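Structure data follow from structure_38.txt (compact mmCIF, C-alpha atoms and all ligand atoms):
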```txt
# COMPACT_ATOMS: atom_id res chain seq x y z
CA MET A 661 -2.89 17.68 11.56
CA SER A 662 -2.37 21.09 13.06
CA ILE A 663 -3.97 22.05 16.38
CA LYS A 664 -5.57 25.50 16.36
CA ILE A 665 -7.13 26.77 19.56
CA LEU A 666 -8.82 30.07 20.36
CA ALA A 667 -8.36 30.98 24.05
CA ILE A 668 -10.30 33.53 26.08
CA GLU A 669 -9.35 35.12 29.40
CA SER A 670 -11.91 37.07 31.45
CA SER A 671 -11.18 36.28 35.11
CA CYS A 672 -10.76 39.83 36.39
CA ASP A 673 -10.49 43.18 34.62
CA ASP A 674 -8.70 42.29 31.37
CA THR A 675 -10.50 40.80 28.39
CA GLY A 676 -8.08 38.68 26.40
CA ALA A 677 -8.13 36.43 23.35
CA ALA A 678 -5.27 34.48 21.77
CA VAL A 679 -4.81 31.99 18.97
CA ILE A 680 -2.30 29.18 19.37
CA ILE A 681 -1.32 26.94 16.47
CA ASN A 682 0.65 23.78 17.24
CA GLY A 683 1.84 25.22 20.55
CA LYS A 684 2.97 28.55 19.09
CA ILE A 685 1.20 31.82 19.89
CA HIS A 686 0.00 33.62 16.74
CA SER A 687 -1.94 36.42 18.43
CA ASN A 688 -2.44 37.74 21.93
CA ILE A 689 -4.92 40.61 22.30
CA VAL A 690 -5.83 42.30 25.59
CA ALA A 691 -8.38 45.03 26.29
CA THR A 692 -7.73 46.53 29.71
CA GLN A 693 -10.65 48.08 31.57
CA SER A 694 -10.02 51.63 32.74
CA VAL A 695 -13.52 51.97 34.25
CA HIS A 696 -12.28 50.78 37.69
CA GLU A 697 -9.65 53.47 38.24
CA GLU A 698 -11.98 56.01 39.81
CA TYR A 699 -13.23 53.41 42.34
CA GLY A 700 -9.80 52.42 43.68
CA GLY A 701 -10.34 48.72 42.89
CA VAL A 702 -12.07 46.34 40.51
CA VAL A 703 -15.87 46.64 40.66
CA PRO A 704 -17.14 43.14 39.71
CA GLU A 705 -20.39 44.28 38.11
CA LEU A 706 -18.58 46.82 35.94
CA ALA A 707 -15.96 44.22 35.01
CA SER A 708 -18.67 41.83 33.73
CA ARG A 709 -20.25 44.55 31.64
CA ALA A 710 -16.93 45.64 30.16
CA HIS A 711 -16.12 42.01 29.25
CA GLN A 712 -19.46 41.85 27.40
CA GLN A 713 -18.50 44.96 25.50
CA HIS A 714 -14.95 43.88 24.65
CA ILE A 715 -15.16 40.17 24.06
CA ILE A 716 -16.30 40.07 20.44
CA PRO A 717 -13.93 42.79 19.12
CA VAL A 718 -11.04 41.21 21.04
CA VAL A 719 -11.77 37.74 19.65
CA GLN A 720 -12.17 39.12 16.13
CA LYS A 721 -8.83 40.91 16.38
CA ALA A 722 -7.12 37.77 17.72
CA LEU A 723 -8.43 35.69 14.81
CA LYS A 724 -7.55 38.35 12.24
CA THR A 725 -4.02 38.85 13.60
CA ALA A 726 -3.46 35.08 13.52
CA LYS A 727 -4.97 34.92 9.99
CA THR A 728 -7.26 32.19 11.29
CA GLU A 729 -10.90 31.61 10.45
CA LEU A 730 -13.43 30.24 12.91
CA LYS A 731 -13.99 27.11 10.83
CA GLU A 732 -10.30 26.18 11.14
CA LEU A 733 -10.40 26.00 14.97
CA ASN A 734 -10.06 22.63 16.74
CA ALA A 735 -11.12 23.81 20.22
CA ILE A 736 -12.16 26.84 22.26
CA ALA A 737 -10.50 27.42 25.62
CA PHE A 738 -11.57 29.79 28.37
CA THR A 739 -10.55 30.63 31.91
CA LYS A 740 -12.75 28.49 34.12
CA GLY A 741 -11.48 29.98 37.40
CA PRO A 742 -10.49 31.16 39.89
CA GLY A 743 -11.73 34.74 39.45
CA LEU A 744 -14.76 37.01 39.64
CA ILE A 745 -17.78 34.84 38.85
CA GLY A 746 -19.60 37.40 36.71
CA ALA A 747 -16.44 38.07 34.72
CA LEU A 748 -15.72 34.34 34.26
CA LEU A 749 -19.29 33.71 33.12
CA VAL A 750 -18.88 36.09 30.18
CA GLY A 751 -15.83 34.24 28.80
CA ALA A 752 -17.22 30.80 29.60
CA THR A 753 -20.64 31.44 28.06
CA PHE A 754 -19.12 33.02 24.97
CA GLY A 755 -16.60 30.16 24.60
CA LYS A 756 -19.17 27.41 25.10
CA THR A 757 -21.63 28.96 22.67
CA LEU A 758 -19.01 29.46 20.00
CA ALA A 759 -17.78 25.88 20.44
CA LEU A 760 -21.34 24.59 20.22
CA SER A 761 -21.95 26.45 16.98
CA LEU A 762 -18.69 25.11 15.51
CA ASP A 763 -19.21 21.62 16.96
CA ILE A 764 -15.74 21.53 18.53
CA PRO A 765 -14.60 20.73 22.11
CA ILE A 766 -14.15 23.20 24.97
CA ILE A 767 -11.24 23.38 27.38
CA GLY A 768 -11.68 25.01 30.81
CA VAL A 769 -8.37 26.36 32.08
CA HIS A 770 -7.16 27.07 35.62
CA HIS A 771 -5.96 30.69 35.68
CA MET A 772 -3.12 30.19 38.19
CA LYS A 773 -1.85 27.13 36.43
CA ALA A 774 -1.86 29.14 33.22
CA HIS A 775 0.29 31.84 34.86
CA ILE A 776 2.89 29.12 35.47
CA LEU A 777 2.64 27.52 32.04
CA ALA A 778 3.24 30.96 30.47
CA HIS A 779 6.87 29.85 30.81
CA PHE A 780 6.31 27.45 27.91
CA ILE A 781 5.23 30.12 25.44
CA GLU A 782 8.80 30.82 24.36
CA GLU A 783 12.44 29.97 25.13
CA PRO A 784 14.08 29.63 27.58
CA LYS A 785 11.72 27.07 29.09
CA PRO A 786 12.27 25.63 32.57
CA LYS A 787 13.06 21.95 33.00
CA PHE A 788 10.99 19.69 35.25
CA PRO A 789 10.88 19.69 38.17
CA PHE A 790 10.99 23.42 38.80
CA ILE A 791 9.73 25.67 41.56
CA CYS A 792 7.48 28.54 40.55
CA LEU A 793 6.71 31.49 42.80
CA THR A 794 3.28 32.57 41.58
CA VAL A 795 2.46 36.08 42.68
CA SER A 796 -0.65 37.92 41.54
CA GLY A 797 -3.40 40.18 42.81
CA GLY A 798 -5.29 37.25 44.30
CA HIS A 799 -2.65 34.56 44.94
CA THR A 800 0.79 33.95 46.34
CA GLN A 801 1.98 30.38 46.00
CA LEU A 802 5.12 28.32 45.87
CA VAL A 803 4.46 25.50 43.44
CA LEU A 804 6.56 22.46 42.59
CA VAL A 805 5.92 21.82 38.90
CA LYS A 806 6.65 18.19 38.05
CA ASP A 807 5.18 18.15 34.55
CA TYR A 808 2.88 20.26 32.36
CA LEU A 809 -0.19 19.04 34.20
CA ASP A 810 1.35 17.87 37.47
CA PHE A 811 1.66 20.40 40.30
CA GLU A 812 2.22 20.35 44.04
CA ILE A 813 1.59 23.39 46.22
CA LEU A 814 4.43 23.82 48.70
CA GLY A 815 3.24 26.99 50.37
CA THR A 816 0.65 29.70 50.12
CA THR A 817 -0.38 32.96 51.74
CA ILE A 818 -2.46 32.76 54.88
CA ASP A 819 -4.00 36.21 54.30
CA ASP A 820 -3.25 38.84 51.62
CA ALA A 821 -1.61 38.07 48.30
CA ALA A 822 1.65 39.81 47.33
CA GLY A 823 -0.22 41.88 44.72
CA GLU A 824 -2.69 42.98 47.39
CA ALA A 825 0.24 43.97 49.62
CA PHE A 826 1.49 46.22 46.82
CA ASP A 827 -1.96 47.63 46.01
CA LYS A 828 -3.11 48.17 49.62
CA THR A 829 0.09 49.86 50.76
CA ALA A 830 0.12 51.94 47.57
CA LYS A 831 -3.40 53.09 48.43
CA LEU A 832 -2.20 54.17 51.90
CA ILE A 833 0.27 56.53 50.26
CA GLY A 834 -2.31 57.86 47.86
CA LEU A 835 -1.38 56.05 44.64
CA PRO A 836 -4.18 55.23 42.17
CA TYR A 837 -5.39 51.63 41.70
CA PRO A 838 -3.75 49.28 40.89
CA GLY A 839 -0.85 50.71 42.85
CA GLY A 840 1.71 47.94 42.18
CA PRO A 841 3.12 49.23 38.87
CA MET A 842 3.27 52.85 40.10
CA LEU A 843 4.92 51.85 43.38
CA ASP A 844 7.50 49.93 41.35
CA LYS A 845 8.23 53.00 39.24
CA LEU A 846 8.60 55.33 42.23
CA ALA A 847 10.75 52.78 44.10
CA LYS A 848 13.40 52.97 41.37
CA GLU A 849 14.47 56.43 42.58
CA GLY A 850 14.29 55.52 46.29
CA ASN A 851 16.47 54.04 49.04
CA PRO A 852 15.15 50.59 50.01
CA ASP A 853 16.83 50.79 53.44
CA ALA A 854 15.36 54.19 54.35
CA PHE A 855 12.53 52.76 56.46
CA GLN A 856 12.01 49.42 58.18
CA PHE A 857 8.64 47.73 57.84
CA ALA A 858 7.55 44.49 59.52
CA ARG A 859 8.82 41.25 57.99
CA PRO A 860 6.25 38.48 58.50
CA ARG A 861 6.96 35.41 60.62
CA VAL A 862 4.97 32.45 59.39
CA PRO A 863 5.87 28.78 59.62
CA ASP A 864 6.83 26.39 56.83
CA LEU A 865 6.71 27.68 53.28
CA ASN A 866 3.72 29.94 53.81
CA TYR A 867 3.38 33.69 53.47
CA SER A 868 1.55 36.49 55.26
CA PHE A 869 1.26 40.09 54.09
CA SER A 870 -1.49 41.63 56.20
CA GLY A 871 1.02 42.73 58.90
CA LEU A 872 2.96 44.80 56.39
CA LYS A 873 -0.07 46.91 55.57
CA THR A 874 -0.64 47.57 59.30
CA SER A 875 3.03 48.35 59.83
CA VAL A 876 2.99 50.92 56.99
CA LEU A 877 -0.26 52.43 58.30
CA TYR A 878 1.11 52.89 61.86
CA PHE A 879 4.34 54.31 60.50
CA LEU A 880 2.51 56.87 58.34
CA ASN A 881 0.16 57.88 61.16
CA LYS A 882 3.18 58.92 63.24
CA GLN A 883 4.53 61.32 60.59
CA GLU A 884 4.05 65.03 60.10
CA GLU A 885 2.04 66.48 57.25
CA GLY A 886 3.86 66.50 53.93
CA PHE A 887 6.00 63.49 54.91
CA ILE A 888 4.63 61.21 52.20
CA GLU A 889 5.16 63.76 49.41
CA GLN A 890 8.73 64.46 50.53
CA ASN A 891 9.70 60.81 50.95
CA ILE A 892 7.55 59.04 48.38
CA ASN A 893 10.44 57.33 46.58
CA ASP A 894 12.07 56.06 49.78
CA ILE A 895 8.72 54.84 51.16
CA CYS A 896 7.98 52.95 47.94
CA ALA A 897 11.47 51.42 47.79
CA SER A 898 11.25 50.32 51.44
CA ILE A 899 7.79 48.76 51.03
CA GLN A 900 8.90 46.98 47.87
CA GLN A 901 11.98 45.63 49.60
CA ALA A 902 9.90 44.32 52.52
CA ILE A 903 7.65 42.41 50.11
CA ILE A 904 10.54 41.06 48.03
CA ASP A 905 12.48 39.99 51.16
CA ALA A 906 9.47 38.01 52.35
CA LEU A 907 8.97 36.38 48.95
CA MET A 908 12.63 35.44 48.56
CA LEU A 909 13.03 34.03 52.08
CA LYS A 910 10.53 31.22 51.48
CA LEU A 911 11.55 30.72 47.87
CA LYS A 912 15.15 30.06 49.00
CA LYS A 913 13.89 27.73 51.73
CA ALA A 914 11.80 25.77 49.22
CA ALA A 915 14.67 25.50 46.72
CA LYS A 916 16.92 24.13 49.47
CA GLU A 917 14.39 21.72 50.94
CA TYR A 918 13.38 20.26 47.57
CA LYS A 919 16.90 20.49 46.10
CA VAL A 920 15.64 22.26 43.00
CA LYS A 921 17.76 24.69 41.03
CA GLU A 922 15.29 25.55 38.27
CA ILE A 923 13.43 28.56 39.65
CA ALA A 924 10.66 30.55 37.98
CA ILE A 925 8.34 33.41 38.86
CA ALA A 926 4.91 34.03 37.40
CA GLY A 927 1.81 36.21 37.81
CA GLY A 928 1.20 39.95 37.69
CA VAL A 929 3.69 40.80 40.46
CA SER A 930 6.51 39.13 38.52
CA ALA A 931 6.37 42.26 36.34
CA ASN A 932 7.94 44.07 39.33
CA SER A 933 11.39 45.28 38.34
CA GLY A 934 12.80 44.94 41.87
CA LEU A 935 11.63 41.32 42.13
CA ARG A 936 13.03 40.48 38.69
CA ALA A 937 16.43 41.97 39.56
CA ARG A 938 16.50 40.25 42.94
CA LEU A 939 15.62 36.85 41.48
CA GLN A 940 18.45 37.17 39.01
CA MET A 941 20.87 38.13 41.79
CA GLU A 942 19.76 35.27 44.06
CA GLY A 943 20.05 32.95 41.07
CA GLU A 944 23.70 33.84 40.63
CA LEU A 945 24.37 33.49 44.37
CA ASN A 946 22.62 30.12 44.70
CA GLY A 947 23.49 28.53 41.37
CA TRP A 948 19.88 28.57 40.15
CA ARG A 949 18.74 28.82 36.57
CA THR A 950 16.02 31.47 36.75
CA TYR A 951 13.06 32.03 34.47
CA ILE A 952 11.01 35.21 34.19
CA PRO A 953 8.33 35.52 31.51
CA ARG A 954 8.26 38.45 29.16
CA PHE A 955 6.30 41.36 30.65
CA GLU A 956 3.16 40.82 28.53
CA TYR A 957 2.97 37.20 29.69
CA CYS A 958 3.25 38.12 33.40
CA THR A 959 0.06 40.11 33.82
CA ASP A 960 -3.30 38.62 32.83
CA ASN A 961 -3.32 37.55 29.18
CA ALA A 962 -4.95 34.94 26.95
CA ALA A 963 -1.67 33.56 25.58
CA MET A 964 -1.08 31.75 28.88
CA ILE A 965 -4.60 30.28 28.69
CA ALA A 966 -3.84 29.19 25.12
CA ILE A 967 -0.57 27.39 25.95
CA THR A 968 -2.24 25.59 28.87
CA ALA A 969 -5.14 24.61 26.60
CA HIS A 970 -2.64 23.24 24.09
CA PHE A 971 -1.22 20.84 26.70
CA GLN A 972 -4.73 19.91 27.87
CA TYR A 973 -5.73 19.26 24.25
CA LEU A 974 -2.80 16.85 23.87
CA ALA A 975 -3.85 15.14 27.12
CA GLU A 976 -7.49 15.07 25.89
CA ASP A 977 -8.52 16.99 28.99
CA PHE A 978 -11.75 18.55 27.70
CA ASP A 979 -14.76 19.99 29.52
CA ASP A 980 -18.35 19.27 28.62
CA GLN A 981 -20.95 21.90 27.87
CA SER A 982 -22.41 21.66 31.39
CA SER A 983 -19.14 22.67 33.07
CA MET A 984 -19.42 25.79 35.22
CA PRO A 985 -16.87 28.49 35.98
CA LYS A 986 -15.48 28.43 39.52
CA ALA A 987 -14.86 31.64 41.47
CA ARG A 988 -12.75 29.59 43.88
CA TRP A 989 -10.87 26.66 42.51
CA PRO A 990 -8.25 25.13 44.79
CA PHE A 991 -5.21 24.03 42.85
CA GLN A 992 -5.37 20.53 44.30
CA ASP A 993 -8.81 19.95 42.75
CA TYR A 994 -7.51 20.79 39.32
CA GLU A 995 -7.08 17.22 38.17
CA GLN A 996 -10.66 16.41 39.13
CA SER A 997 -12.10 19.11 36.88
O1 LIG A 1001 -1.84 38.32 37.60
P1 LIG A 1001 -2.49 39.65 37.61
O2 LIG A 1001 -2.39 40.50 36.35
O3 LIG A 1001 -4.01 39.53 37.97
C1 LIG A 1001 -4.45 38.59 38.90
O4 LIG A 1001 -4.66 37.43 38.49
O5 LIG A 1001 -4.56 38.99 40.08
O6 LIG A 1001 -1.87 40.45 38.83
C2 LIG A 1001 -2.30 41.75 39.16
C3 LIG A 1001 -1.46 42.24 40.33
C4 LIG A 1001 -1.94 43.56 40.90
O7 LIG A 1001 -1.98 43.45 42.30
C5 LIG A 1001 -0.87 44.55 40.45
O8 LIG A 1001 -0.70 45.65 41.31
C6 LIG A 1001 0.35 43.66 40.43
O9 LIG A 1001 -0.09 42.44 39.90
N1 LIG A 1001 1.43 44.22 39.61
C7 LIG A 1001 2.58 44.70 40.13
C8 LIG A 1001 3.34 45.18 39.03
N2 LIG A 1001 2.61 44.98 37.88
C9 LIG A 1001 1.44 44.39 38.27
N3 LIG A 1001 3.02 44.75 41.39
C10 LIG A 1001 4.23 45.28 41.60
N4 LIG A 1001 5.01 45.78 40.61
C11 LIG A 1001 4.61 45.75 39.33
N5 LIG A 1001 5.40 46.23 38.36
ZN ZN A 1002 -3.68 36.57 36.99
```
Show me the file's structure as structure tokens.
Amino acid sequence: MSIKILAIESSCDDTGAAVIINGKIHSNIVATQSVHEEYGGVVPELASRAHQQHIIPVVQKALKTAKTELKELNAIAFTKGPGLIGALLVGATFGKTLALSLDIPIIGVHHMKAHILAHFIEEPKPKFPFICLTVSGGHTQLVLVKDYLDFEILGTTIDDAAGEAFDKTAKLIGLPYPGGPMLDKLAKEGNPDAFQFARPRVPDLNYSFSGLKTSVLYFLNKQEEGFIEQNINDICASIQQAIIDALMLKLKKAAKEYKVKEIAIAGGVSANSGLRARLQMEGELNGWRTYIPRFEYCTDNAAMIAITAHFQYLAEDFDDQSSMPKARWPFQDYEQS
């Protein structure tokens, strides 16, 4: 029998739907919300409304692209958390209702776990155990992945996430939200050693990024008018390097401590070209095999929810209709869903 699952992602500001058939992605549709740009950040209420508007057309397109009819589906998966509660509720309510009408099971998926399992959408796939640096707008984690559904958190950020570090510093230099991708683009033409920003000092395998934002702010306050415009590329390259240095320092420490040479990155920030290049370079230096998902599987997407749901389906890890989305959902609690 074939396993056909429709997966929905609505944790933040992208509405996504994907169809997976026997572990292979047949469609992956995303509607990005532009409504937040003028506010300089995601406005939760507006995100929920935009999900309401997009969800049916996105699901219809995903089914059509995959040439799949509703009655053929074996399960409906949705992002159960973590994320914005109002945004999650749209996907969860839609998914549960559709599953109820089709009389098929539902699968609630952990968004951060899905970012990691995006590595199993296509070749090359990492071998267990591997270490995954998961870097997004809301999370920064070093995770030891022992099996598809077996994870151990080795380290995490004690304040801002790496994506926030990109977005907040980008805002300081006047870039529109979300600043990460634009900062990346401008950094390509800049000198990463032009300016020195604070490198965090935190124990163990943890991260901290709030000091970087302060360091950039103090630095900019000392400059003359017009400095940012004249040095934008160098500033971006220097900020990016500070973030990448911090990320790599703990990743190398974790790889050494746990004697793991299979190294992956995941999450929205893994779309960063500087981080991708640096991981490849460190891989060659340290004898790692490195894994970086294709760009469309790095930022929020439903294909990653679908592949995770596929493994949960095989493990018979279903939710019941009373299950609620979770705005906060610690990784450790995942197994007790
Ligand atoms: O995983 P994601 O799409 O959403 C969350 O789950 O948070 O990550 C979004 C984050 C944002 O902070 C965005 O600025 C950052 O990923 N990002 C980037 C790049 N592309 C996305 N940061 C740096 N360079 C990029 N190219
Ligand atoms: Zn994400």
Near-Leu748 of chain A list (9 Å; all atoms listed in the file; drop same-chain fewer than 6 positions) as an MDAnalysis selection string | chainID A and resid 669:672 708 738:742 985:987
Surrounding residues of segment 841-853 of chain A excluding itself and chain neighbours under 3 positions, 7 Å, only C-alpha atoms, as number ranges by chain | A: 830, 856, 893-894, 896-898, 901, 932-933
Contacts of Phe788 of chain A at 7 Å or less, counting all atoms listed in the file, minus same-chain residues fewer than 4 places along, as a PDB file with C-alpha atoms, in the frame of the given file?
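This went into part35.pdb:
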```
ATOM      1  CA  VAL A 805       5.920  21.820  38.900  1.00  0.00           C
ATOM      2  CA  LYS A 806       6.650  18.190  38.050  1.00  0.00           C
ATOM      3  CA  ASP A 807       5.180  18.150  34.550  1.00  0.00           C
TER       4      ASP A 807
END
```
Mind giving me the straight-line distance from atom CA of Thr829 of chain A to atom CA of Ala931 of chain A in Å, one decimal?
->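 Straight-line distance from atom CA of Thr829 of chain A to atom CA of Ala931 of chain A works out to 17.5 Å.
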Which residues form the shell of 10 Å around ligand LIG 1001 (chain A) when you count all atoms listed in the file, given as a PyMOL selection string?
-> chain A and resi 671-674+701+742-743+771-772+775+794-800+821-828+830+837-845+847+900+903-904+926-936+955-961
Can you pull out every residue within 8 Å of Asp819 of chain A, counting all atoms listed in the file, but drop anything in the same chain fewer than 3 positions away, and send it as a PyMOL selection string?
-> chain A and resi 867-870
By how many Å are atom CA of Ala858 of chain A and atom CA of Tyr951 of chain A apart?
->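 So the answer is 28.5 Å.
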In terms of the shortest atom-to-atom distance over all atoms listed in the file, which of A:Ile680, A:Met941, A:Met908, A:Ala778 is closest to ligand ZN 1002 (chain A)?
-> A:Ala778
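Using all atoms listed in the file, the shortest contact distance between Ala966 of chain A and any of A:Ala726, A:Ala774, A:Ala747, A:Val803 is found at A:Ala774.
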Min atom-atom distance to ligand ZN 1002 (chain A) from the set A:Met984, A:Leu832, A:Leu744, A:Leu872, counting all atoms listed in the file, belongs to A:Leu744
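Excluding Ile715 of chain A itself and any same-chain residue fewer than 4 positions from it, the protein and nucleic acid residues within 9 Å of it, counting all atoms listed in the file, are Ile668, Ser670, Thr675, Gly676, Ala677, Ala691, Ala710, His711, Val719, Gln720, Val750, Gly751 and Phe754 of chain A.
Considering the residues A:Asp980, A:Glu922, A:Glu917, A:Glu732 and counting all atoms listed in the file, Ile665 of chain A has its shortest atom-to-atom contact with A:Glu732.
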So, counting all atoms listed in the file, which residue among A:Leu809, A:Ile888, A:Leu835, A:Leu793 is closest to Ile967 of chain A?
-> A:Leu809
Which residues, protein or nucleic acid, reach to within 10 Å of (-14.8, 50.4, 32.1) in the file's coordinates when using all atoms listed in the file, and can you give that as a list of chain:residue names?
-> A:Asp673, A:Thr692, A:Gln693, A:Ser694, A:Val695, A:His696, A:Glu697, A:Glu698, A:Val702, A:Val703, A:Leu706, A:Ala707, A:Ser708, A:Arg709, A:Ala710, A:His711, A:Gln713, A:His714
Could the residues in this selection be saved with C-alpha atoms as a PDB file, in the coordinates of the input?
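What follows is the written file again_36.pdb:
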```
ATOM      1  CA  ASP A 673     -10.490  43.180  34.620  1.00  0.00           C
ATOM      2  CA  THR A 692      -7.730  46.530  29.710  1.00  0.00           C
ATOM      3  CA  GLN A 693     -10.650  48.080  31.570  1.00  0.00           C
ATOM      4  CA  SER A 694     -10.020  51.630  32.740  1.00  0.00           C
ATOM      5  CA  VAL A 695     -13.520  51.970  34.250  1.00  0.00           C
ATOM      6  CA  HIS A 696     -12.280  50.780  37.690  1.00  0.00           C
ATOM      7  CA  GLU A 697      -9.650  53.470  38.240  1.00  0.00           C
ATOM      8  CA  GLU A 698     -11.980  56.010  39.810  1.00  0.00           C
ATOM      9  CA  VAL A 702     -12.070  46.340  40.510  1.00  0.00           C
ATOM     10  CA  VAL A 703     -15.870  46.640  40.660  1.00  0.00           C
ATOM     11  CA  LEU A 706     -18.580  46.820  35.940  1.00  0.00           C
ATOM     12  CA  ALA A 707     -15.960  44.220  35.010  1.00  0.00           C
ATOM     13  CA  SER A 708     -18.670  41.830  33.730  1.00  0.00           C
ATOM     14  CA  ARG A 709     -20.250  44.550  31.640  1.00  0.00           C
ATOM     15  CA  ALA A 710     -16.930  45.640  30.160  1.00  0.00           C
ATOM     16  CA  HIS A 711     -16.120  42.010  29.250  1.00  0.00           C
ATOM     17  CA  GLN A 713     -18.500  44.960  25.500  1.00  0.00           C
ATOM     18  CA  HIS A 714     -14.950  43.880  24.650  1.00  0.00           C
TER      19      HIS A 714
END
```
Looking at only C-alpha atoms, which of A:Pro860, A:Gly947, A:Gly755, A:Pro704 is the one that sits closest to Leu907 of chain A?
-> A:Pro860
